[in-house]
Structure formats: structure tokens, C-alpha cells
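So this one's start-v8.cif, mmCIF, C-alpha atoms:
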```
data_final
#
loop_
_atom_site.label_atom_id
_atom_site.label_comp_id
_atom_site.auth_asym_id
_atom_site.auth_seq_id
_atom_site.Cartn_x
_atom_site.Cartn_y
_atom_site.Cartn_z
CA MET P 149 -7.10 -20.41 -10.95
CA GLU P 150 -5.54 -19.46 -7.64
CA CYS P 151 -5.11 -15.70 -7.16
CA SER P 152 -2.97 -13.65 -4.84
CA GLU P 153 -2.54 -9.98 -4.08
CA ARG P 154 0.75 -8.12 -4.39
CA LYS P 155 1.36 -4.62 -3.06
CA PHE P 156 3.57 -1.97 -4.66
CA MET P 157 4.55 1.19 -2.76
CA PHE P 158 5.58 4.44 -4.41
CA GLU P 159 7.20 7.15 -2.30
CA ASP P 160 8.60 10.65 -2.70
CA ASN P 161 11.05 11.36 0.09
CA ASN P 162 11.03 15.10 -0.63
CA SER P 163 7.28 15.71 -0.56
CA LYS P 164 6.52 12.75 1.72
CA GLU P 165 3.81 11.67 -0.73
CA SER P 166 3.18 7.95 -1.08
CA GLU P 167 0.79 5.56 -2.79
CA ILE P 168 0.21 1.84 -2.30
CA ILE P 169 -1.26 -0.14 -5.17
CA THR P 170 -2.74 -3.61 -4.68
CA ILE P 171 -2.59 -5.88 -7.72
CA THR P 172 -4.42 -9.17 -8.22
CA GLU P 173 -2.42 -11.77 -10.11
CA VAL P 174 -2.68 -15.46 -10.90
CA LEU P 175 0.04 -17.60 -9.33
CA GLN P 176 0.71 -19.45 -12.59
CA PRO P 177 2.34 -16.78 -14.80
CA SER P 178 0.66 -16.16 -18.12
CA TYR P 179 0.67 -13.26 -20.56
CA GLY P 180 -1.91 -11.06 -18.89
CA LEU P 181 -2.32 -12.32 -15.36
CA TYR P 182 1.12 -11.81 -13.85
CA VAL P 183 3.10 -8.66 -13.03
CA TRP P 184 6.16 -8.77 -15.30
CA PRO P 185 9.40 -6.84 -14.59
CA SER P 186 8.58 -4.02 -17.04
CA ALA P 187 5.42 -2.99 -15.16
CA PRO P 188 7.07 -1.52 -12.03
CA VAL P 189 9.46 0.45 -14.26
CA LEU P 190 6.61 2.04 -16.22
CA ALA P 191 4.73 2.65 -12.97
CA GLN P 192 7.81 4.38 -11.55
CA TYR P 193 7.88 6.68 -14.61
CA ILE P 194 4.21 7.50 -14.01
CA TRP P 195 4.88 8.21 -10.34
CA PHE P 196 7.89 10.38 -11.20
CA ASN P 197 5.74 12.32 -13.70
CA ARG P 198 2.48 12.28 -11.77
CA ASN P 199 1.98 16.04 -12.19
CA ARG P 200 1.72 15.40 -15.95
CA ILE P 201 -0.84 12.66 -15.36
CA LYS P 202 -3.45 14.62 -13.41
CA GLY P 203 -6.51 15.44 -15.47
CA ARG P 204 -5.22 13.72 -18.63
CA ASN P 205 -7.11 11.11 -20.64
CA ILE P 206 -5.12 7.88 -20.42
CA LEU P 207 -5.49 4.47 -22.04
CA GLU P 208 -3.50 1.42 -20.99
CA LEU P 209 -3.03 -1.22 -23.68
CA GLY P 210 -2.67 -4.88 -22.70
CA SER P 211 -3.44 -3.95 -19.12
CA GLY P 212 -3.52 -7.45 -17.64
CA THR P 213 -2.88 -6.83 -13.95
CA SER P 214 -3.08 -3.05 -14.61
CA LEU P 215 -0.34 -1.74 -12.29
CA PRO P 216 0.58 1.30 -14.47
CA GLY P 217 -3.04 2.19 -15.23
CA ILE P 218 -4.19 1.84 -11.63
CA LEU P 219 -1.35 4.09 -10.43
CA ALA P 220 -2.17 6.64 -13.15
CA ALA P 221 -5.77 6.72 -11.90
CA LYS P 222 -4.57 7.20 -8.31
CA CYS P 223 -2.47 10.12 -9.58
CA GLY P 224 -5.56 11.85 -10.95
CA GLY P 225 -5.65 10.60 -14.55
CA HIS P 226 -8.88 9.77 -16.36
CA VAL P 227 -7.94 6.17 -17.10
CA THR P 228 -9.40 3.49 -19.33
CA LEU P 229 -7.97 -0.02 -19.07
CA SER P 230 -7.97 -2.41 -22.01
CA ASP P 231 -6.96 -5.91 -22.97
CA SER P 232 -7.80 -8.31 -25.76
CA GLU P 233 -11.52 -8.71 -26.38
CA ASP P 234 -10.74 -12.38 -27.02
CA ILE P 235 -9.40 -13.00 -23.49
CA PRO P 236 -12.27 -12.23 -21.10
CA HIS P 237 -10.40 -13.54 -18.03
CA CYS P 238 -7.78 -10.81 -18.56
CA LEU P 239 -10.51 -8.18 -18.64
CA GLU P 240 -11.97 -9.66 -15.46
CA ASN P 241 -8.55 -9.49 -13.81
CA CYS P 242 -8.37 -5.78 -14.68
CA ARG P 243 -11.67 -5.29 -12.89
CA LYS P 244 -10.40 -7.19 -9.84
CA SER P 245 -7.38 -4.88 -9.60
CA CYS P 246 -9.68 -1.86 -9.86
CA GLN P 247 -11.85 -3.20 -7.04
CA ALA P 248 -8.81 -3.94 -4.87
CA ASN P 249 -7.88 -0.26 -5.08
CA GLY P 250 -11.36 1.22 -4.65
CA LEU P 251 -11.61 2.25 -8.32
CA GLN P 252 -14.78 0.49 -9.40
CA ASN P 253 -15.70 3.20 -11.93
CA ILE P 254 -12.68 2.79 -14.23
CA PRO P 255 -13.83 1.64 -17.69
CA VAL P 256 -12.39 -1.73 -18.79
CA ILE P 257 -12.76 -2.35 -22.52
CA GLY P 258 -11.84 -5.10 -24.97
CA LEU P 259 -9.27 -3.91 -27.51
CA THR P 260 -7.40 -6.39 -29.66
CA TRP P 261 -4.25 -4.90 -31.18
CA GLY P 262 -4.62 -4.22 -34.88
CA LYS P 263 -8.41 -4.60 -34.89
CA PHE P 264 -10.85 -1.70 -35.26
CA ASN P 265 -13.81 -2.70 -33.13
CA ASN P 266 -16.51 -0.40 -31.74
CA ALA P 267 -14.69 0.01 -28.42
CA LEU P 268 -11.69 1.50 -30.23
CA LEU P 269 -13.68 3.56 -32.73
CA ASP P 270 -15.90 5.04 -29.99
CA LEU P 271 -12.98 5.89 -27.71
CA SER P 272 -12.49 9.60 -27.05
CA PRO P 273 -9.06 11.01 -27.95
CA VAL P 274 -6.42 10.13 -25.37
CA ASP P 275 -3.41 12.16 -24.21
CA ILE P 276 -1.23 9.31 -22.96
CA ILE P 277 -1.15 5.65 -23.97
CA LEU P 278 0.51 3.21 -21.60
CA GLY P 279 2.03 -0.13 -22.50
CA SER P 280 4.08 -2.47 -20.32
CA ASP P 281 5.88 -5.30 -22.13
CA CYS P 282 3.47 -5.18 -25.07
CA PHE P 283 6.43 -5.88 -27.38
CA TYR P 284 6.76 -9.46 -26.19
CA ASP P 285 5.94 -11.50 -29.30
CA SER P 286 7.30 -10.17 -32.60
CA LYS P 287 4.20 -11.31 -34.47
CA ASP P 288 2.22 -8.67 -32.55
CA PHE P 289 4.57 -5.76 -33.16
CA GLU P 290 2.86 -4.25 -36.20
CA ASN P 291 -0.61 -4.73 -34.75
CA ILE P 292 0.47 -2.76 -31.67
CA ILE P 293 1.95 0.00 -33.81
CA VAL P 294 -1.21 0.14 -35.98
CA THR P 295 -3.37 0.66 -32.88
CA VAL P 296 -1.01 3.25 -31.42
CA SER P 297 -0.79 5.09 -34.75
CA TYR P 298 -4.59 5.26 -34.95
CA LEU P 299 -4.85 6.65 -31.41
CA ILE P 300 -2.14 9.24 -32.02
CA LYS P 301 -3.78 10.40 -35.25
CA LYS P 302 -6.91 11.17 -33.22
CA ASN P 303 -4.75 13.39 -30.96
CA ILE P 304 -1.56 14.44 -32.73
CA ASN P 305 0.05 15.44 -29.41
CA ALA P 306 -0.59 12.10 -27.72
CA GLU P 307 2.32 10.02 -26.44
CA PHE P 308 2.82 6.29 -25.99
CA TRP P 309 4.77 5.59 -22.79
CA CYS P 310 6.16 2.08 -23.07
CA THR P 311 8.57 -0.25 -21.29
CA TYR P 312 9.83 -3.56 -22.50
CA GLN P 313 12.16 -6.30 -21.34
CA GLU P 314 14.98 -7.01 -23.76
CA ARG P 315 14.92 -10.66 -24.78
CA SER P 316 16.72 -10.43 -28.12
CA SER P 317 18.95 -7.72 -29.54
CA ASN P 318 17.73 -8.64 -33.03
CA ARG P 319 14.23 -7.30 -32.46
CA THR P 320 13.41 -3.78 -33.63
CA ILE P 321 10.37 -1.64 -34.40
CA ASP P 322 12.25 1.09 -36.28
CA VAL P 323 10.89 0.11 -39.70
CA LEU P 324 7.34 -0.08 -38.35
CA LEU P 325 7.62 3.37 -36.77
CA LEU P 326 8.78 4.83 -40.08
CA LYS P 327 5.98 3.04 -41.94
CA TRP P 328 3.28 4.40 -39.65
CA GLY P 329 4.62 7.95 -39.27
CA LEU P 330 5.90 7.68 -35.70
CA GLU P 331 9.16 8.45 -33.93
CA CYS P 332 10.69 7.10 -30.74
CA GLU P 333 12.61 8.68 -27.87
CA SER P 334 14.56 6.48 -25.49
CA VAL P 335 14.33 7.45 -21.81
CA SER P 336 17.19 6.50 -19.49
CA LEU P 337 16.06 4.72 -16.35
CA ASP P 338 18.25 6.82 -14.10
CA SER P 339 16.35 9.94 -15.20
CA PHE P 340 13.33 8.77 -13.19
CA ASP P 341 15.08 6.81 -10.44
CA ALA P 342 14.36 3.42 -11.99
CA ASP P 343 17.95 2.21 -12.41
CA SER P 344 17.64 -0.26 -9.56
CA PRO P 345 16.91 -3.99 -9.35
CA SER P 346 14.27 -3.15 -6.74
CA LEU P 347 11.42 -0.70 -7.29
CA CYS P 348 8.30 0.20 -5.30
CA GLY P 349 8.96 -2.55 -2.78
CA SER P 350 9.38 -5.15 -5.51
CA SER P 351 12.44 -7.03 -6.70
CA LEU P 352 10.76 -7.79 -10.03
CA PRO P 353 13.06 -5.65 -12.22
CA GLY P 354 16.01 -7.59 -10.79
CA ASN P 355 18.86 -7.93 -13.25
CA HIS P 356 16.60 -7.87 -16.31
CA THR P 357 17.38 -5.37 -19.03
CA ILE P 358 14.38 -3.04 -19.15
CA HIS P 359 14.01 -0.19 -21.62
CA MET P 360 11.70 2.82 -21.49
CA PHE P 361 10.70 4.84 -24.52
CA ILE P 362 8.14 7.37 -25.70
CA ILE P 363 6.53 7.11 -29.12
CA ARG P 364 5.03 10.20 -30.76
CA ALA P 365 3.82 11.36 -34.14
CA ASN P 366 6.66 12.22 -36.49
CA LYS P 367 5.75 15.83 -37.33
CA ARG P 368 8.71 16.46 -39.60
#
```

The structure given in the file should be rewritten as C-alpha cells.
Amino acid sequence: MECSERKFMFEDNNSKESEIITITEVLQPSYGLYVWPSAPVLAQYIWFNRNRIKGRNILELGSGTSLPGILAAKCGGHVTLSDSEDIPHCLENCRKSCQANGLQNIPVIGLTWGKFNNALLDLSPVDIILGSDCFYDSKDFENIIVTVSYLIKKNINAEFWCTYQERSSNRTIDVLLLKWGLECESVSLDSFDADSPSLCGSSLPGNHTIHMFIIRANKR
């Protein structure tokens, strides 16, 4: 498969801070090997909240090309990347993105949503879970929620930061959140300067409808 590198630049005009992330992707788009429009939006939220990232234990689910996770690591987070244990080429692509950014020591583990393998059971409690466009195929929705619920129960204050591209207004995870004891907060894109068709030097968000939300334990 032919690969290419794409660069994403994050800037703060006030502090003059900046970060460039290099991502390896396959030219033929597939689930895990292509940067989809939701990824720059989640990465922008991470950049906007980078002071909350530093020193935190972070797990990215369905990492694929790993843009959000790589940026979180550059912002000082203790990051673990994951993708399906059944798709080794996605895990290898995660490692390539780590190498492209000088982050060879980031753990890359095989986690299949809804399955309780040793990699998941042995994982230390995490503070922040990242997911970009995980809610793509409705057949996976409950498996994702099961995995997130398990991780949050290990750390009741953990949060799942997630973006998704709206493809159908008929899709919802409300019933699943209720079933698994979770609640959801919607985050407006303009609150973290992501209400633009172009982010971090990329036109990927374009005119797509992208949503950002945070899932937490329902403590009521």
C-alpha cells in the first residue's frame, strides 16, 4: 500500500506556541489508515485544552493514524494508542505515526471494542479517553460504549472526549449511555475555535457536520 505523510499545524497566536504533527496515511482511504474530518476537530480540542492534558494518563481508541493521540503526547500526556487487535496493519500505522514524530516509546496496544483481552484488563486507569469518528458503524456502538464504561469504572472521574461526523440524524447512543450508566455533554465547536472548515492547516473538516461531546459516569 502506498503511504504519504500529511502535516497538521496547531498554533496559539497569544502565547506564540505551536506544534506540527506528521501523520502517515494510506492513499486509499480505509477505516483506520486515513485522517477523517473528525480527527482535526478532536485534535483542536486537545490543543485548546493542552494544559489539562499535561501529566494525564490518556488512551486513544481506534487510533488509526493517531493524530489526536500524537498531539496529546506532544502536549505532555502519558499516551497509549490502541486499535483493533484483529487489524495488525492499523497498529503498525500507529507506530509509523509515532516514529514520524519522534515518539518511539508510546505504547501501541490491540484493543477490540467490546472484548476484554489482557491488554485491556492490564491497562492502568486512564484519565482521558480519546475517540475520533469511532461512532461510524451502528453495529459497533454498544461495543464502544461497553469498553468506555469499563474504563470509566476503573477511574470514576475519567472522561471520553469524542468527535463524530454526522451521517444520519436517526443514529443515537442515548439509550446505550443510560444502559451503561453514562451521561453525555455536547461541546460547541466555537468554544474551542473549531467552527471553521479549515483547521490546523487542513481543509478536512470542510462543510461536514462534526460534533464534539464528552462522556462521563452518571453519578446521580

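Among the candidates P:Asn318, P:Ser280, P:Ser297, P:Ser152, the residue lying nearest to Met360 in chain P is P:Ser280 (atoms considered: all atoms listed in the file).
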
Problem set entry | Explicit residues for the PyMOL selection byres ((chain P and resi 281) around 12) (as a ChimeraX atom specification) | /P:179-180,182-190,208-212,214,216,278-280,282-286,288-289,292,309-315,357-361

Exercise. Between CA of Glu331 in chain P and CA of Arg364 in chain P, what is the spacing in Å?
Worked result: 5.5 Å

Exercise. Could you spell out the hits of the PyMOL selection byres ((chain P and resi 165-168) around 10) on the shown file, as a PyMOL selection string?
Worked result: chain P and resi 155-164+169-171+195+219+222-223+249+348-349

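Comparing the minimum interatomic distances between Lys202 in chain P and each of P:Ala221, P:Ile293, P:Ile235, P:Cys246, counting only C-alpha atoms, we find that P:Ala221 sits nearest.
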
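When CA of Phe308 in chain P is paired with CA of Thr228 in chain P, their separation reads 14.2 Å.
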
For this session: Using the chain letters and numbering of this document, enumerate as a ChimeraX atom specification the residues selected by the PyMOL selection byres ((chain P and resi 203-206) around 8).
Result: /P:200-202,207-208,217,220,224-228,273-278

Just-selected residues, C-alpha atoms written as a short mmCIF file (atom, residue, chain, number, x, y, z; two decimals), keeping the file's coordinate frame:
```
data_model
loop_
_atom_site.label_atom_id
_atom_site.label_comp_id
_atom_site.auth_asym_id
_atom_site.auth_seq_id
_atom_site.Cartn_x
_atom_site.Cartn_y
_atom_site.Cartn_z
CA ARG P 200 1.72 15.40 -15.95
CA ILE P 201 -0.84 12.66 -15.36
CA LYS P 202 -3.45 14.62 -13.41
CA LEU P 207 -5.49 4.47 -22.04
CA GLU P 208 -3.50 1.42 -20.99
CA GLY P 217 -3.04 2.19 -15.23
CA ALA P 220 -2.17 6.64 -13.15
CA GLY P 224 -5.56 11.85 -10.95
CA GLY P 225 -5.65 10.60 -14.55
CA HIS P 226 -8.88 9.77 -16.36
CA VAL P 227 -7.94 6.17 -17.10
CA THR P 228 -9.40 3.49 -19.33
CA PRO P 273 -9.06 11.01 -27.95
CA VAL P 274 -6.42 10.13 -25.37
CA ASP P 275 -3.41 12.16 -24.21
CA ILE P 276 -1.23 9.31 -22.96
CA ILE P 277 -1.15 5.65 -23.97
CA LEU P 278 0.51 3.21 -21.60
#
```

Where atoms are missing, can you supply N, CA, C and O atoms for range 292-316 of chain P and output the lot as a JSON list (two decimals), keeping the file's coordinate frame?
```
[["chain", "number", "residue", "atom", "x", "y", "z"],
["P", 292, "ILE", "N", 0.37, -3.75, -32.74],
["P", 292, "ILE", "CA", 0.47, -2.76, -31.67],
["P", 292, "ILE", "C", 0.69, -1.38, -32.27],
["P", 292, "ILE", "O", 0.01, -0.40, -31.90],
["P", 293, "ILE", "N", 1.63, -1.28, -33.20],
["P", 293, "ILE", "CA", 1.95, 0.00, -33.81],
["P", 293, "ILE", "C", 0.75, 0.56, -34.58],
["P", 293, "ILE", "O", 0.49, 1.77, -34.56],
["P", 294, "VAL", "N", -0.01, -0.30, -35.26],
["P", 294, "VAL", "CA", -1.21, 0.14, -35.98],
["P", 294, "VAL", "C", -2.20, 0.78, -35.01],
["P", 294, "VAL", "O", -2.76, 1.86, -35.28],
["P", 295, "THR", "N", -2.44, 0.12, -33.88],
["P", 295, "THR", "CA", -3.37, 0.66, -32.88],
["P", 295, "THR", "C", -2.86, 1.97, -32.31],
["P", 295, "THR", "O", -3.62, 2.95, -32.18],
["P", 296, "VAL", "N", -1.59, 2.02, -31.97],
["P", 296, "VAL", "CA", -1.01, 3.25, -31.42],
["P", 296, "VAL", "C", -1.06, 4.38, -32.44],
["P", 296, "VAL", "O", -1.41, 5.53, -32.11],
["P", 297, "SER", "N", -0.75, 4.08, -33.69],
["P", 297, "SER", "CA", -0.79, 5.09, -34.75],
["P", 297, "SER", "C", -2.19, 5.67, -34.90],
["P", 297, "SER", "O", -2.38, 6.89, -35.02],
["P", 298, "TYR", "N", -3.20, 4.80, -34.86],
["P", 298, "TYR", "CA", -4.59, 5.26, -34.95],
["P", 298, "TYR", "C", -4.94, 6.21, -33.80],
["P", 298, "TYR", "O", -5.53, 7.26, -34.01],
["P", 299, "LEU", "N", -4.54, 5.82, -32.59],
["P", 299, "LEU", "CA", -4.85, 6.65, -31.41],
["P", 299, "LEU", "C", -4.13, 8.00, -31.47],
["P", 299, "LEU", "O", -4.71, 9.03, -31.10],
["P", 300, "ILE", "N", -2.90, 7.99, -31.94],
["P", 300, "ILE", "CA", -2.14, 9.24, -32.02],
["P", 300, "ILE", "C", -2.68, 10.15, -33.12],
["P", 300, "ILE", "O", -2.67, 11.38, -32.99],
["P", 301, "LYS", "N", -3.19, 9.57, -34.19],
["P", 301, "LYS", "CA", -3.78, 10.40, -35.25],
["P", 301, "LYS", "C", -5.05, 11.09, -34.79],
["P", 301, "LYS", "O", -5.42, 12.14, -35.32],
["P", 302, "LYS", "N", -5.73, 10.52, -33.79],
["P", 302, "LYS", "CA", -6.91, 11.17, -33.22],
["P", 302, "LYS", "C", -6.52, 12.33, -32.30],
["P", 302, "LYS", "O", -7.33, 13.22, -32.04],
["P", 303, "ASN", "N", -5.30, 12.31, -31.78],
["P", 303, "ASN", "CA", -4.75, 13.39, -30.96],
["P", 303, "ASN", "C", -3.27, 13.48, -31.29],
["P", 303, "ASN", "O", -2.47, 12.72, -30.74],
["P", 304, "ILE", "N", -2.91, 14.39, -32.18],
["P", 304, "ILE", "CA", -1.56, 14.44, -32.73],
["P", 304, "ILE", "C", -0.50, 14.69, -31.67],
["P", 304, "ILE", "O", 0.69, 14.43, -31.89],
["P", 305, "ASN", "N", -0.91, 15.18, -30.49],
["P", 305, "ASN", "CA", 0.05, 15.44, -29.41],
["P", 305, "ASN", "C", 0.11, 14.31, -28.39],
["P", 305, "ASN", "O", 0.81, 14.43, -27.38],
["P", 306, "ALA", "N", -0.60, 13.23, -28.65],
["P", 306, "ALA", "CA", -0.59, 12.10, -27.72],
["P", 306, "ALA", "C", 0.78, 11.42, -27.71],
["P", 306, "ALA", "O", 1.54, 11.50, -28.67],
["P", 307, "GLU", "N", 1.06, 10.75, -26.59],
["P", 307, "GLU", "CA", 2.32, 10.02, -26.44],
["P", 307, "GLU", "C", 2.04, 8.60, -25.98],
["P", 307, "GLU", "O", 1.10, 8.36, -25.22],
["P", 308, "PHE", "N", 2.88, 7.69, -26.43],
["P", 308, "PHE", "CA", 2.82, 6.29, -25.99],
["P", 308, "PHE", "C", 4.00, 6.04, -25.08],
["P", 308, "PHE", "O", 5.15, 6.02, -25.51],
["P", 309, "TRP", "N", 3.74, 5.88, -23.77],
["P", 309, "TRP", "CA", 4.77, 5.59, -22.79],
["P", 309, "TRP", "C", 4.87, 4.07, -22.67],
["P", 309, "TRP", "O", 3.90, 3.41, -22.29],
["P", 310, "CYS", "N", 6.04, 3.53, -22.97],
["P", 310, "CYS", "CA", 6.16, 2.08, -23.07],
["P", 310, "CYS", "C", 7.45, 1.57, -22.46],
["P", 310, "CYS", "O", 8.50, 2.20, -22.60],
["P", 311, "THR", "N", 7.37, 0.46, -21.77],
["P", 311, "THR", "CA", 8.57, -0.25, -21.29],
["P", 311, "THR", "C", 8.56, -1.65, -21.86],
["P", 311, "THR", "O", 7.50, -2.22, -22.13],
["P", 312, "TYR", "N", 9.75, -2.18, -22.07],
["P", 312, "TYR", "CA", 9.83, -3.56, -22.50],
["P", 312, "TYR", "C", 11.10, -4.22, -21.96],
["P", 312, "TYR", "O", 12.08, -3.55, -21.68],
["P", 313, "GLN", "N", 11.02, -5.51, -21.82],
["P", 313, "GLN", "CA", 12.16, -6.30, -21.34],
["P", 313, "GLN", "C", 12.90, -6.85, -22.54],
["P", 313, "GLN", "O", 12.32, -7.53, -23.38],
["P", 314, "GLU", "N", 14.19, -6.54, -22.62],
["P", 314, "GLU", "CA", 14.98, -7.01, -23.76],
["P", 314, "GLU", "C", 15.19, -8.51, -23.67],
["P", 314, "GLU", "O", 15.74, -9.02, -22.70],
["P", 315, "ARG", "N", 14.76, -9.21, -24.71],
["P", 315, "ARG", "CA", 14.92, -10.66, -24.78],
["P", 315, "ARG", "C", 15.78, -11.07, -25.96],
["P", 315, "ARG", "O", 16.30, -12.18, -26.00],
["P", 316, "SER", "N", 15.89, -10.17, -26.95],
["P", 316, "SER", "CA", 16.72, -10.43, -28.12],
["P", 316, "SER", "C", 17.16, -9.10, -28.71],
["P", 316, "SER", "O", 16.32, -8.21, -28.94]]
```
